[in-house]
>>> print(open('target.cif').read())   # mmCIF, C-alpha atoms
data_work
loop_
_atom_site.label_atom_id
_atom_site.label_comp_id
_atom_site.auth_asym_id
_atom_site.auth_seq_id
_atom_site.Cartn_x
_atom_site.Cartn_y
_atom_site.Cartn_z
CA MET A 7 -10.44 20.17 24.97
CA ARG A 8 -10.94 23.78 23.87
CA LEU A 9 -7.30 24.09 22.84
CA TYR A 10 -7.46 20.74 21.07
CA ARG A 11 -10.49 21.76 19.00
CA MET A 12 -8.87 25.08 18.18
CA GLU A 13 -5.62 23.46 17.01
CA LEU A 14 -7.47 20.84 14.97
CA TYR A 15 -9.54 23.57 13.32
CA LYS A 16 -6.37 25.50 12.43
CA LEU A 17 -4.84 22.44 10.76
CA TRP A 18 -8.04 21.34 9.04
CA HIS A 19 -8.84 24.74 7.54
CA GLN A 20 -5.47 25.54 6.02
CA LYS A 21 -5.90 26.36 2.35
CA VAL A 22 -2.96 24.19 1.39
CA PHE A 23 -4.50 21.22 3.20
CA MET A 24 -7.95 21.62 1.69
CA ILE A 25 -6.63 22.13 -1.86
CA CYS A 26 -4.19 19.21 -1.63
CA ALA A 27 -6.86 16.96 -0.10
CA VAL A 28 -9.22 17.55 -3.03
CA CYS A 29 -6.40 17.04 -5.53
CA THR A 30 -5.42 13.79 -3.79
CA VAL A 31 -8.94 12.37 -4.08
CA PHE A 32 -9.31 13.26 -7.76
CA PHE A 33 -5.81 11.99 -8.64
CA LEU A 34 -6.45 8.66 -6.88
CA ILE A 35 -9.70 8.16 -8.77
CA PHE A 36 -8.04 9.04 -12.08
CA ARG A 37 -5.03 6.84 -11.41
CA PHE A 38 -7.24 3.92 -10.35
CA TRP A 39 -9.24 4.02 -13.55
CA ALA A 40 -6.28 4.65 -15.86
CA SER A 41 -3.82 2.16 -14.33
CA GLU A 42 -6.06 -0.54 -12.90
CA VAL A 43 -9.34 -0.68 -14.80
CA ASP A 44 -8.21 0.38 -18.29
CA MET A 45 -5.26 -2.03 -18.16
CA GLU A 46 -7.50 -5.09 -17.77
CA LEU A 47 -7.50 -7.25 -20.92
CA THR A 48 -9.13 -10.59 -21.69
CA THR A 49 -10.20 -12.81 -24.59
CA VAL A 50 -13.12 -15.25 -24.48
CA ASP A 51 -14.32 -17.23 -27.50
CA GLY A 52 -12.20 -15.10 -29.82
CA GLN A 53 -13.77 -11.86 -28.56
CA HIS A 54 -11.39 -9.29 -27.10
CA TYR A 55 -12.49 -7.19 -24.12
CA TYR A 56 -10.81 -4.14 -22.62
CA GLY A 57 -11.11 -2.05 -19.48
CA TYR A 58 -14.26 -2.40 -17.41
CA ASP A 59 -15.77 -4.87 -19.90
CA ALA A 60 -12.74 -7.13 -19.40
CA VAL A 61 -13.15 -6.94 -15.63
CA ARG A 62 -16.82 -7.86 -15.92
CA VAL A 63 -16.11 -10.82 -18.23
CA ASN A 64 -13.25 -12.16 -16.09
CA ARG A 65 -15.42 -12.01 -12.98
CA GLN A 66 -18.22 -13.87 -14.78
CA ILE A 67 -16.12 -16.72 -16.14
CA THR A 68 -14.28 -17.18 -12.82
CA GLU A 69 -17.45 -17.50 -10.76
CA LYS A 70 -18.00 -21.06 -12.03
CA TYR A 71 -14.58 -22.21 -10.79
CA ARG A 72 -14.18 -20.28 -7.55
CA GLY A 73 -13.57 -22.12 -4.30
CA GLU A 74 -11.21 -25.02 -3.61
CA LEU A 75 -8.81 -25.55 -6.51
CA THR A 76 -9.00 -29.12 -7.81
CA ASP A 77 -7.59 -31.06 -10.76
CA GLY A 78 -11.13 -31.33 -12.09
CA LYS A 79 -11.50 -27.54 -12.21
CA VAL A 80 -8.14 -27.19 -13.92
CA ALA A 81 -9.16 -29.75 -16.55
CA GLY A 82 -12.48 -27.93 -16.99
CA ILE A 83 -10.72 -24.62 -17.62
CA VAL A 84 -8.42 -26.18 -20.22
CA GLU A 85 -11.33 -27.93 -21.93
CA GLU A 86 -13.50 -24.79 -22.02
CA TYR A 87 -10.91 -22.15 -22.90
CA GLY A 88 -7.84 -24.06 -24.08
CA PHE A 89 -4.27 -22.85 -23.67
CA PRO A 90 -3.27 -19.37 -24.83
CA SER A 91 -0.81 -19.38 -27.72
CA GLN A 92 -0.68 -15.94 -29.35
CA VAL A 93 1.90 -13.31 -28.41
CA THR A 94 1.79 -9.80 -29.88
CA TYR A 95 4.50 -7.19 -29.53
CA ASP A 96 3.60 -4.43 -27.08
CA TYR A 97 0.62 -6.37 -25.74
CA PRO A 98 0.89 -7.40 -22.06
CA GLY A 99 0.27 -11.09 -21.63
CA TRP A 100 -1.15 -13.66 -24.03
CA ARG A 101 -3.15 -12.09 -26.84
CA ASP A 102 -5.77 -14.86 -26.66
CA GLY A 103 -5.62 -15.39 -22.90
CA ASN A 104 -8.08 -14.71 -20.10
CA TYR A 105 -7.92 -14.82 -16.32
CA LEU A 106 -8.59 -18.56 -16.15
CA ASN A 107 -6.28 -20.06 -18.76
CA GLY A 108 -3.67 -17.45 -17.85
CA PHE A 109 -3.68 -18.77 -14.27
CA VAL A 110 -3.34 -22.38 -15.44
CA THR A 111 -0.48 -21.42 -17.75
CA ASP A 112 1.42 -19.56 -15.04
CA TYR A 113 1.13 -22.08 -12.22
CA LEU A 114 -0.02 -25.46 -13.56
CA SER A 115 1.45 -25.99 -17.04
CA ASP A 116 4.72 -26.39 -18.90
CA GLY A 117 4.30 -22.97 -20.55
CA TYR A 118 5.35 -19.50 -19.54
CA MET A 119 5.59 -15.94 -20.79
CA ARG A 120 8.30 -13.67 -19.47
CA ASP A 121 8.57 -11.32 -22.44
CA TRP A 122 7.48 -10.99 -26.08
CA ASP A 123 10.69 -12.76 -27.10
CA ASN A 124 10.85 -15.15 -24.16
CA TYR A 125 7.85 -17.41 -23.90
CA LYS A 126 6.75 -21.01 -24.34
CA VAL A 127 3.28 -22.01 -25.46
CA PRO A 128 1.83 -24.49 -22.92
CA THR A 129 1.04 -27.98 -24.14
CA LYS A 130 -0.15 -29.75 -20.99
CA ALA A 131 -1.47 -29.08 -17.50
CA TYR A 132 0.11 -30.75 -14.49
CA ALA A 133 -1.70 -32.28 -11.55
CA ILE A 134 -1.81 -29.84 -8.63
CA ALA A 135 0.11 -32.29 -6.45
CA ASP A 136 3.05 -32.15 -8.89
CA THR A 137 3.42 -28.35 -8.75
CA THR A 138 4.48 -25.75 -6.22
CA LEU A 139 0.82 -25.26 -5.31
CA GLY A 140 0.72 -28.91 -4.27
CA GLU A 141 3.78 -28.39 -2.07
CA ILE A 142 2.01 -25.49 -0.40
CA GLU A 143 -1.09 -27.61 0.20
CA ARG A 144 1.01 -30.30 1.86
CA ALA A 145 2.90 -27.75 3.97
CA THR A 146 -0.22 -25.97 5.20
CA GLY A 147 -2.62 -28.90 5.27
CA LYS A 148 -5.19 -26.80 3.37
CA ALA A 149 -6.34 -26.74 -0.22
CA ILE A 150 -5.51 -23.74 -2.39
CA THR A 151 -8.44 -21.33 -2.75
CA PHE A 152 -9.11 -20.05 -6.26
CA ALA A 153 -10.98 -16.86 -7.13
CA TYR A 154 -10.75 -13.66 -9.12
CA VAL A 155 -8.23 -11.81 -6.95
CA ASN A 156 -7.55 -8.71 -9.05
CA GLY A 157 -9.62 -6.67 -6.61
CA TRP A 158 -7.03 -7.20 -3.88
CA LYS A 159 -4.17 -6.53 -6.27
CA SER A 160 -5.83 -3.31 -7.37
CA PHE A 161 -6.43 -2.32 -3.75
CA LEU A 162 -2.79 -2.84 -2.74
CA ASP A 163 -1.47 -1.00 -5.81
CA THR A 164 -3.82 1.95 -5.34
CA LEU A 165 -3.26 2.02 -1.58
CA GLN A 166 0.49 2.38 -2.09
CA ILE A 167 0.00 5.45 -4.30
CA GLY A 168 -2.66 6.77 -1.93
CA MET A 169 -0.35 6.56 1.06
CA VAL A 170 2.41 8.40 -0.80
CA LEU A 171 -0.05 11.20 -1.58
CA ALA A 172 -1.31 11.12 2.01
CA SER A 173 2.28 11.49 3.20
CA VAL A 174 2.70 14.63 1.11
CA LEU A 175 -0.54 15.99 2.54
CA ILE A 176 0.62 15.25 6.09
CA LEU A 177 4.00 16.88 5.47
CA LEU A 178 2.44 20.10 4.21
CA SER A 179 -0.15 20.38 6.98
CA ILE A 180 1.65 19.05 10.07
CA SER A 181 4.84 21.02 9.35
CA THR A 182 2.97 24.16 10.45
CA VAL A 183 1.77 22.82 13.79
CA PHE A 184 4.57 24.44 15.82
CA ALA A 185 6.39 26.55 13.22
CA GLN A 186 3.41 28.80 12.49
CA GLU A 187 3.55 30.33 15.98
CA GLY A 188 7.14 31.38 15.43
CA GLN A 189 6.40 32.69 11.95
CA THR A 190 3.43 34.80 13.11
CA LYS A 191 5.25 35.94 16.29
CA MET A 192 2.38 34.62 18.40
CA MET A 193 4.48 32.38 20.65
CA PRO A 194 5.15 34.90 23.45
CA LEU A 195 1.45 35.73 23.62
CA LEU A 196 0.38 32.10 23.69
CA PHE A 197 2.78 31.28 26.50
CA THR A 198 1.22 33.98 28.72
CA MET A 199 -2.22 32.35 28.57
CA LYS A 200 -3.59 30.55 31.60
CA ASP A 201 -3.43 27.16 29.87
CA GLY A 202 0.38 27.38 29.75
CA LYS A 203 3.00 25.92 27.43
CA GLY A 204 2.39 22.29 28.34
CA LYS A 205 -1.32 22.17 27.54
CA ASP A 206 -0.84 24.10 24.33
CA ALA A 207 1.89 21.73 23.17
CA TRP A 208 -0.12 18.60 23.93
CA ALA A 209 -3.18 20.07 22.20
CA LYS A 210 -1.08 20.61 19.06
CA ILE A 211 0.31 17.07 19.23
CA ALA A 212 -3.15 15.53 19.70
CA ALA A 213 -4.59 17.60 16.84
CA ALA A 214 -1.73 16.60 14.53
CA PHE A 215 -2.19 12.89 15.20
CA THR A 216 -5.97 13.22 14.82
CA LEU A 217 -5.65 14.84 11.41
CA THR A 218 -3.12 12.19 10.37
CA VAL A 219 -5.49 9.35 11.31
CA ILE A 220 -8.38 11.05 9.46
CA VAL A 221 -6.28 11.33 6.29
CA TYR A 222 -5.26 7.67 6.62
CA VAL A 223 -8.83 6.44 7.09
CA VAL A 224 -10.18 8.46 4.16
CA VAL A 225 -7.48 7.19 1.78
CA VAL A 226 -7.96 3.56 2.86
CA LEU A 227 -11.74 3.73 2.48
CA LEU A 228 -11.49 5.41 -0.92
CA CYS A 229 -9.08 2.76 -2.25
CA LEU A 230 -11.11 -0.09 -0.76
CA CYS A 231 -14.47 1.16 -2.07
CA MET A 232 -13.15 1.68 -5.60
CA SER A 233 -11.60 -1.79 -5.74
CA ALA A 234 -14.65 -3.48 -4.23
CA TYR A 235 -17.07 -1.72 -6.58
CA VAL A 236 -15.18 -2.43 -9.81
CA PHE A 237 -13.29 -5.69 -9.18
CA GLY A 238 -14.95 -7.18 -6.13
CA LEU A 239 -12.98 -8.54 -3.21
CA ASP A 240 -13.16 -12.29 -3.80
CA GLY A 241 -10.28 -14.53 -2.84
CA ALA A 242 -9.44 -13.19 0.60
CA GLU A 243 -8.08 -16.64 1.54
CA CYS A 244 -5.97 -17.05 -1.61
CA PRO A 245 -2.16 -17.02 -1.15
CA ILE A 246 -0.81 -13.49 -1.40
CA GLY A 247 1.80 -14.70 -3.90
CA LEU A 248 -0.98 -15.32 -6.42
CA VAL A 249 -2.33 -11.80 -5.90
CA LEU A 250 1.06 -10.14 -6.30
CA SER A 251 2.08 -12.46 -9.16
CA ARG A 252 5.10 -13.63 -7.19
CA GLU A 253 6.75 -17.02 -7.07
CA ILE A 254 5.27 -19.11 -4.28
CA LEU A 255 7.94 -20.93 -2.27
CA VAL A 256 7.47 -23.35 0.61
CA HIS A 257 10.43 -21.96 2.58
CA ILE A 258 9.06 -18.38 2.42
CA SER A 259 5.84 -18.52 4.41
CA ILE A 260 4.70 -15.01 3.51
CA SER A 261 4.35 -16.07 -0.15
CA TYR A 262 1.41 -18.33 0.78
CA MET A 263 0.02 -16.19 3.59
CA PRO A 264 -3.75 -15.59 3.14
CA THR A 265 -4.34 -12.38 1.23
CA ILE A 266 -6.55 -10.91 3.95
CA SER A 267 -3.77 -11.43 6.52
CA PHE A 268 -1.21 -9.64 4.36
CA VAL A 269 -3.64 -6.81 3.65
CA GLY A 270 -4.20 -6.41 7.40
CA MET A 271 -0.43 -6.30 7.92
CA MET A 272 -0.06 -3.74 5.13
CA LEU A 273 -2.77 -1.54 6.62
CA GLY A 274 -1.02 -1.69 9.99
CA MET A 275 2.31 -0.72 8.45
CA ASP A 276 0.66 2.13 6.56
CA LEU A 277 -0.83 3.46 9.77
CA LEU A 278 2.53 3.28 11.54
CA ALA A 279 4.14 4.99 8.54
CA VAL A 280 1.87 8.04 8.65
CA LEU A 281 2.06 8.24 12.46
CA LEU A 282 5.86 8.14 12.33
CA LEU A 283 5.88 10.75 9.56
CA CYS A 284 3.60 12.92 11.69
CA ALA A 285 5.93 12.59 14.70
CA ILE A 286 9.05 13.39 12.66
CA THR A 287 7.36 16.38 11.02
CA MET A 288 6.22 17.73 14.39
CA SER A 289 9.76 17.44 15.75
CA VAL A 290 11.09 19.37 12.75
CA SER A 291 8.31 21.96 13.13
CA ALA A 292 9.24 22.58 16.75
CA HIS A 293 12.76 23.60 15.67
CA ALA A 294 11.70 25.67 12.65
CA LYS A 295 10.98 29.38 12.59
CA SER A 296 8.87 29.30 9.42
CA ASN A 297 6.33 27.02 7.77
CA PHE A 298 8.37 26.77 4.58
CA GLY A 299 11.53 25.80 6.42
CA ALA A 300 9.71 23.12 8.40
CA ALA A 301 8.06 21.65 5.30
CA ALA A 302 11.32 21.67 3.33
CA VAL A 303 13.36 19.91 6.03
CA ALA A 304 10.60 17.37 6.72
CA ALA A 305 10.35 16.59 3.01
CA ILE A 306 14.13 16.05 2.79
CA LEU A 307 14.01 13.66 5.75
CA TRP A 308 11.11 11.82 4.14
CA VAL A 309 12.92 11.09 0.85
CA ALA A 310 16.46 10.75 2.25
CA PRO A 311 16.07 7.01 3.11
CA MET A 312 15.64 6.23 -0.59
CA MET A 313 19.10 7.62 -1.34
CA ILE A 314 20.61 5.91 1.71
CA SER A 315 19.18 2.53 0.68
CA MET A 316 20.92 2.84 -2.70
CA MET A 317 24.34 3.47 -1.15
CA PHE A 318 24.41 1.28 1.96
CA ARG A 319 23.54 -2.21 3.10
CA GLY A 320 23.44 -3.91 6.46
CA PHE A 321 22.10 -1.99 9.46
CA LEU A 322 21.58 1.29 7.59
CA TYR A 323 19.58 -0.52 4.92
CA PHE A 324 17.44 -2.07 7.67
CA LEU A 325 16.82 1.35 9.20
CA THR A 326 15.64 2.75 5.88
CA SER A 327 13.05 -0.04 5.69
CA CYS A 328 11.60 1.33 8.96
CA MET A 329 11.12 4.82 7.54
CA PRO A 330 7.71 6.16 6.41
CA LEU A 331 8.53 6.18 2.69
CA PHE A 332 9.32 2.45 2.64
CA LEU A 333 6.64 1.35 5.10
CA VAL A 334 3.92 2.24 2.58
CA MET A 335 5.54 0.24 -0.23
CA THR A 336 4.13 -3.25 -0.68
CA ASP A 337 7.36 -4.75 -2.02
CA SER A 338 9.42 -3.31 0.84
CA VAL A 339 7.09 -4.73 3.52
CA TYR A 340 6.92 -8.07 1.69
CA GLU A 341 10.72 -8.27 1.60
CA SER A 342 11.12 -7.27 5.26
CA VAL A 343 8.60 -9.86 6.47
CA SER A 344 10.13 -12.58 4.27
CA TRP A 345 13.43 -11.95 6.08
CA GLY A 346 11.72 -12.06 9.49
CA ARG A 347 12.45 -8.43 10.36
CA GLU A 348 8.92 -7.31 11.27
CA HIS A 349 9.37 -7.44 15.05
CA ALA A 350 12.61 -5.47 14.97
CA MET A 351 10.90 -2.95 12.68
CA LEU A 352 8.09 -2.44 15.16
CA TRP A 353 10.57 -1.72 17.97
CA VAL A 354 12.36 0.87 15.84
CA ILE A 355 9.12 2.53 14.67
CA PHE A 356 7.56 2.86 18.12
CA THR A 357 10.83 4.09 19.60
CA LEU A 358 11.16 6.77 16.92
CA ILE A 359 7.58 7.93 17.41
CA ILE A 360 8.03 8.32 21.16
CA VAL A 361 11.41 10.03 20.83
CA CYS A 362 10.22 12.48 18.15
CA VAL A 363 7.07 13.45 20.05
CA GLU A 364 8.91 13.92 23.33
CA GLU A 365 11.73 15.87 21.70
CA GLY A 366 9.33 18.16 19.82
CA TRP A 367 7.30 18.81 22.96
CA GLN A 368 10.37 19.67 25.02
CA VAL A 369 11.79 21.99 22.35
CA TYR A 370 8.49 23.84 22.00
CA ARG A 371 8.10 24.26 25.78
CA ARG A 372 11.61 25.73 26.08
CA GLN A 373 10.84 28.48 23.57
CA SER A 374 9.52 31.85 24.64
#
>>> encode(input="target.cif", output="structure tokens")
Amino acid sequence: MRLYRMELYKLWHQKVFMICAVCTVFFLIFRFWASEVDMELTTVDGQHYYGYDAVRVNRQITEKYRGELTDGKVAGIVEEYGFPSQVTYDYPGWRDGNYLNGFVTDYLSDGYMRDWDNYKVPTKAYAIADTTLGEIERATGKAITFAYVNGWKSFLDTLQIGMVLASVLILLSISTVFAQEGQTKMMPLLFTMKDGKGKDAWAKIAAAFTLTVIVYVVVVLLCLCMSAYVFGLDGAECPIGLVLSREILVHISISYMPTISFVGMMLGMDLLAVLLLCAITMSVSAHAKSNFGAAAVAAILWVAPMMISMMFRGFLYFLTSCMPLFLVMTDSVYESVSWGREHAMLWVIFTLIIVCVEEGWQVYRRQS
């Protein structure tokens, strides 16, 4: 335990870790406000709202219609707010739309908007039973839940960026766990201590995983608290396809998976991603003679799957989807699960973690 606390302290109090941790928090807050809150737009009774005011108004008008989606609620939305019809260049979405009539237009009407030059003004709303949502209700035996779900969308978007930043933080800090002893020439002295090579190596491994989990938890809580405070977290039972603005298809079950289930899956994949990155970085660190060399090689291994995925398909493409960089990406996980690859991914991830930890431990113990 003494060695473990000492190794954790060494990792925690690195200047690069502390500086990057503070920068990560401030960047996430800035990015959340600039990309999620400020991008919210809505129009109610001819009045345009932007940013936080738009979020507040959308939440207020949706409260009346939340719960089980019915034809009566759809008719009420159309009667109260009408169909959107105005399109303005360089303005995302309908210029006179809001969360409610935008939802009806996208999923329950004959209108659509794909681009400023490719849209159709809706003229009528369909019965739920005659739409894809009705097919989903018949397939699942449950009614579609309706709510203001932008809080979950914001959480997933911010979490993806947060996990990328967390990965950088882990790379910079964990890459020193073994390499720093070689760089400072302390390895021969450490190996003469009564605790021995084995205990010292396991203390370093335990400290590295502990720091990784702490970083993961802090990033998740920060993203969740920001989204809950500004947007709320209503609609946990809504189909994830509605949250991600994807087409909902009966033959792709993940598209109508409850949002809370997909979020739980995403959080699990994110945790496995940072643990795998930690294991890979430790293995690289055990071979390196300097902190810079370890960080550089680990960073190359982290981004290499992106290049591989562009050049290859088949088994190599599948392997890239199991790498840390892709495991934190919502679209990548969504695609992998839609193809039924999640169980094979778990086998690959756990195998790589075990192999990397064991290999790093053995390499470190053989050094003198």
>>> resolve_selection(input="target.cif", expression="the PyMOL selection byres ((chain A and resi 260-269) around 10)", output="PyMOL selection string")
chain A and resi 139+142-143+146+150-151+155+158-159+161-162+239+241-259+270-275+336+339-341+343-346
>>> resolve_selection(input="target.cif", expression="the PyMOL selection byres ((chain A and resi 296-312) around 8)", output="PyMOL selection string")
chain A and resi 177-178+181-182+185-186+188-189+283+286-287+290-291+293-295+313-316+326+329-331
>>> resolve_selection(input="target.cif", expression="the PyMOL selection byres ((chain A and resi 121-129) around 12)", output="PyMOL selection string")
chain A and resi 84+88-103+107-120+130-132
>>> atom_distance(input="target.cif", atom1="atom CA of Thr49 of chain A", atom2="atom CA of Tyr154 of chain A")
15.5 Å
>>> atom_distance(input="target.cif", atom1="atom CA of Val50 of chain A", atom2="atom CA of Arg62 of chain A")
11.9 Å
>>> residues_around(input="target.cif", residues="Val28 of chain A", least_positions_apart="3", cutoff="12 Å", atoms="only C-alpha atoms", output="PyMOL selection string")
chain A and resi 21-25+31-35+171-172+175+221+224-225
>>> write_last_selection(input="target.cif", atoms="C-alpha atoms", output="PDB file, in the coordinates of the input")
ATOM      1  CA  LYS A  21      -5.900  26.360   2.350  1.00  0.00           C
ATOM      2  CA  VAL A  22      -2.960  24.190   1.390  1.00  0.00           C
ATOM      3  CA  PHE A  23      -4.500  21.220   3.200  1.00  0.00           C
ATOM      4  CA  MET A  24      -7.950  21.620   1.690  1.00  0.00           C
ATOM      5  CA  ILE A  25      -6.630  22.130  -1.860  1.00  0.00           C
ATOM      6  CA  VAL A  31      -8.940  12.370  -4.080  1.00  0.00           C
ATOM      7  CA  PHE A  32      -9.310  13.260  -7.760  1.00  0.00           C
ATOM      8  CA  PHE A  33      -5.810  11.990  -8.640  1.00  0.00           C
ATOM      9  CA  LEU A  34      -6.450   8.660  -6.880  1.00  0.00           C
ATOM     10  CA  ILE A  35      -9.700   8.160  -8.770  1.00  0.00           C
ATOM     11  CA  LEU A 171      -0.050  11.200  -1.580  1.00  0.00           C
ATOM     12  CA  ALA A 172      -1.310  11.120   2.010  1.00  0.00           C
ATOM     13  CA  LEU A 175      -0.540  15.990   2.540  1.00  0.00           C
ATOM     14  CA  VAL A 221      -6.280  11.330   6.290  1.00  0.00           C
ATOM     15  CA  VAL A 224     -10.180   8.460   4.160  1.00  0.00           C
ATOM     16  CA  VAL A 225      -7.480   7.190   1.780  1.00  0.00           C
TER      17      VAL A 225
END
>>> closest_residue(input="target.cif", among="A:Asp44, A:Tyr105, A:Val354, A:Glu85", to="Phe321 of chain A", atoms="only C-alpha atoms")
A:Val354
>>> residues_around(input="target.cif", residues="Val61 of chain A", least_positions_apart="4", cutoff="7 Å", atoms="all atoms listed in the file", output="list in words")
Glu46, Gly57, Arg65 and Phe237 of chain A
>>> closest_residue(input="target.cif", among="A:Asp77, A:Glu365, A:Asp163, A:Asp136", to="Glu42 of chain A", atoms="all atoms listed in the file")
A:Asp163
>>> atom_distance(input="target.cif", atom1="atom CA of Asn104 of chain A", atom2="atom CA of Thr48 of chain A")
4.5 Å
>>> closest_residue(input="target.cif", among="A:Leu14, A:Ala350, A:Ala153, A:Val236", to="Thr218 of chain A", atoms="only C-alpha atoms")
A:Leu14
>>> closest_residue(input="target.cif", among="A:Trp208, A:Tyr71, A:Thr357, A:Val183", to="Leu278 of chain A", atoms="all atoms listed in the file")
A:Thr357
>>> closest_residue(input="target.cif", among="A:Tyr55, A:Val174, A:Leu106, A:Val43", to="Ile67 of chain A", atoms="all atoms listed in the file")
A:Leu106
>>> closest_residue(input="target.cif", among="A:Val170, A:Ile355, A:Ala145, A:Leu281", to="Ile220 of chain A", atoms="only C-alpha atoms")
A:Leu281
